[in-house]
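**Student:** One structure, pasted below without further comment.
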Amino acid sequence: MNETLPSAHATREASYVPAQLAVIVPTFNEVDNVAVLYDKLSVALAGRAWEMIVVDDNSPDGTAERVNLLSRAHSNVRGIRRIGRRGLSSACIEGMAATAAPYVAVIDADLQHDEAILPRMLELAIAGNDLVVGSRFAGEGSAGDGLSSARLKGSEVATRLAGMVAGNRVSDPMSGFFLVRRELFLELAPKLAHEGFKILLDIVVTAEKSGTHLSIAEVPYTFRPRHAGESKMSPLVVVQYLGLWGSKLTGGVLPPTFLLFGLVGGLGVAVHLVVLQALTAGLGVGFVVAQIVATLVAMTSNFFLNNSLTYSDRKLRGAKLWTGLLGFYAICSLGGLANVSIATLVFQWNHMTLVAGLAGAVMSSVFNYAVTRAFTWK
Ligand SMILES: Nc1nc2c(ncn2[C@@H]2O[C@H](COP(=O)(O)OP(=O)(O)OP(=O)(O)O)[C@@H](O)[C@H]2O)c(=O)[nH]1
Ligand SMILES: [Mg+2]
């Protein structure tokens with residue numbers, strides 16, 4: 001590639017030392033943490049060529065402006081500001097793709113991860129490991145006081161589930177603290193799920209699935225309590241994790257968004273039946289009117305749930321929310337037609353009611369998923 005560069009760019013400027021390590025910091029509302037983290041990284045990585053790349057999803061608390069101030073004071077700080085986007089995994093992916101450093105680490109902004117182990121992690125990567133994981137559960141590592149007992153229990157269950165798809169290759173697959181060779185990351189990047197919170201698990205499973213046997217090292221550390229700001233962990237994040245996990249269980253054949261869309265669809269059936277029952281039995285409304293209202297309520301709740309859960313990374317807001325809802329009604333109505341047509345065809349063919357009904361339901365689910373993904377949450 002270098003041959004094609006104009007000669008002025010082919011050799012390095014005399015005083016310039018390119019970064020050996022890029023530290024990617026995904027942020028959402030971490031205004032009071034980014035400068036403290038930078039200072040701590042500067043101490044931990046003193047004497048090394050490193051850069052910090054903060055990927056901020058346009059946090060309302062002004063994190064990106066704080067990062068700009070840091071960039072004006074330090075040549076090794078850069079900020080990527082994403083507008084109208086949300087998501088931890090995709091932020092990490094975009095940060096990792098934005099550096100020329102041969103080694104890339106990901107660390108949380110809230111100081112829960114111990115930056116002091118980064119030099120050891122880098123040494124292990126330079127020594128030939130593809131992936132080095134900061135682990136709370138290896139050797140002397142511990143979850144310390146960083147997690148409440150309920151969160152610790154949840155984390156244990158999630159780690160065990162992760163082991164089922166990652167083959168127990170790492171003791172802390174839920175860790176958001178790891179270091180990887182940039183080349184390896186770039187190889188895997190097109191196959192990684194952009195949705196969700198758990199990019200490390202995805203990297204391990206995707207590499208194994210594509211036949212790349214990773215050499216993995218772990219460095220223990222003690223997880224600390226969050227420094228400033230609030231956690232973004234929520235029940236939605238847990239359900240999104242189950243979507244990623246289910247997708248990995250199917251060998252990646254079914255994308256996490258399809259599984260979450262299916263889950264929302266299942267809930268929609270329950271909402272429909274409850275509303276239908278309440279209107280007919282409870283309020284004495286006639287069946288046809290009750291069925292129409294129940295259908296509308298279920299479609300509406302499906303839309304808002306998909307917007308917050310399945311597509312939280314590209315959530316529609318403002319005017320787009322309402323045009324999106326109208327489009328969703330239209331697409332789901334077409335999906336209903338597809339359902340009835342396919343079910344009728346199958347019924348004419350084998351006269352088995354349940355099989356025909358199921359074929360229709362599968363048809364409309366796939367239709368609704370594919371078309372809303374292409375038009376509503378594109
Ligand atoms: N860019 C970006 N960063 C995010 C997003 N959600 C979380 N983060 C960042 O990801 C890191 C981890 O998020 P946390 O809220 O600390 O999640 P956690 O560590 O699993 O949960 P706690 O233990 O409760 O802190 C932090 O640096 C967050 O600012 C997001 O949607 N976009
Ligand atoms: Mg945290």
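Here's how to read the names in the structure tokens: chain A, B, ... by the order shown, residue numbers from 1 in each chain, ligand numbers from 1 in the order shown.
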I need the residues in range 130-313 of chain A that are helix (DSSP H, G or I) according to DSSP; give them as a ChimeraX atom specification.
**Tutor:** /A:149-166,182-191,199-209,235-249,256-282,287-310,312-313
**Student:** As number ranges by chain, please: every protein or nucleic acid residue near ligand 1 (cut-off 6 Å, counting only C-alpha atoms and all ligand atoms).
**Tutor:** A: 26-28, 30, 55-57, 86-88, 91, 108-110, 226, 231-233
**Student:** Pick out the closest residue to ligand 2 from this set: A:Met174, A:Leu334, A:Ala46, A:Met299. Count only C-alpha atoms and all ligand atoms.
**Tutor:**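 Among A:Met174, A:Leu334, A:Ala46, A:Met299, it is A:Met174 that comes nearest to ligand 2.
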**Student:** Restricting the calculation to only C-alpha atoms: of A:Leu325, A:Ile199, A:Val238, A:Val17, which residue gets closest to Gly154 in chain A?
**Tutor:**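 Ranking A:Leu325, A:Ile199, A:Val238, A:Val17 by distance to Gly154 in chain A, first place goes to A:Val238.
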**Student:** Would you kindly return, as a ChimeraX atom specification, each protein, DNA or RNA residue with an atom no farther than 12 Å from any atom of Tyr311 in chain A, considering only C-alpha atoms and excluding same-chain residues fewer than 3 positions away?
**Tutor:** /A:85-87,194-196,236-237,240,243,256-261,264,302-308,314-317,369,372-373,376-378
**Student:** Please return as a ChimeraX atom specification: the residues of range 28-245 of chain A that backbone DSSP assigns to strand (DSSP E).
**Tutor:** /A:50-56,77-81,103-106,131-135,178-181,216-220
**Student:** With a distance cut-off of 10 Å and only C-alpha atoms, select the neighbouring residues of Val293 in chain A, excluding the residue or stretch itself and same-chain residues fewer than 5 positions from it, and output the selection as a list in words.
**Tutor:**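 Within the cut-off, the hits are His272, Val275, Leu276, Leu279, Phe287, Val288, Ala298 and Met299 of chain A.
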**Student:** One decimal, Å: what's the distance from CA of Ile83 in chain A over to CA of Pro60 in chain A, could you say?
**Tutor:** 11.1 Å
**Student:** Could you jot down the CA of Gly360 in chain A to CA of Val289 in chain A separation for me, Å, one decimal place?
**Tutor:** 23.1 Å
**Student:** Residues within 8 Å of Gly144 in chain A, please, as a list in words. Count only C-alpha atoms; anything in the same chain fewer than 4 positions from it doesn't count.
**Tutor:**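 With the cut-off at 8 Å, the set is Thr222, Phe223 and Arg224 of chain A.
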**Student:** Selected residues, N, CA and C atoms, written as a short mmCIF file (atom, residue, chain, number, x, y, z; two decimals), in the first residue's frame, please.
**Tutor:**
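To be explicit, this is the file written out as again31.cif:
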```cif
data_model
loop_
_atom_site.label_atom_id
_atom_site.label_comp_id
_atom_site.auth_asym_id
_atom_site.auth_seq_id
_atom_site.Cartn_x
_atom_site.Cartn_y
_atom_site.Cartn_z
N THR A 222 -8.65 -6.77 40.22
CA THR A 222 -9.77 -6.59 41.13
C THR A 222 -10.68 -5.48 40.59
N PHE A 223 -11.92 -5.86 40.38
CA PHE A 223 -12.93 -4.96 39.84
C PHE A 223 -13.25 -3.89 40.90
N ARG A 224 -13.29 -2.62 40.47
CA ARG A 224 -13.51 -1.56 41.46
C ARG A 224 -14.94 -1.02 41.34
#
```
**Student:** Measuring atom to atom with only C-alpha atoms, identify which of A:Val340, A:Ala319, A:Leu118, A:Leu124 is nearest to Tyr221 in chain A.
**Tutor:** A:Leu118
**Student:** Which residue, A:Leu131, A:Leu326, A:Leu214, A:Val165, has the smallest gap to Leu249 in chain A when you use only C-alpha atoms?
**Tutor:**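 When distances to Leu249 in chain A are compared using only C-alpha atoms, the smallest one comes from A:Val165.
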**Student:** Considering only C-alpha atoms, state which residue in the set A:Ala14, A:Ala330, A:Ala290, A:Met363 is at the smallest distance from Val346 in chain A.
**Tutor:**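 Residue with the minimum atom-to-atom distance to Val346 in chain A: A:Met363.
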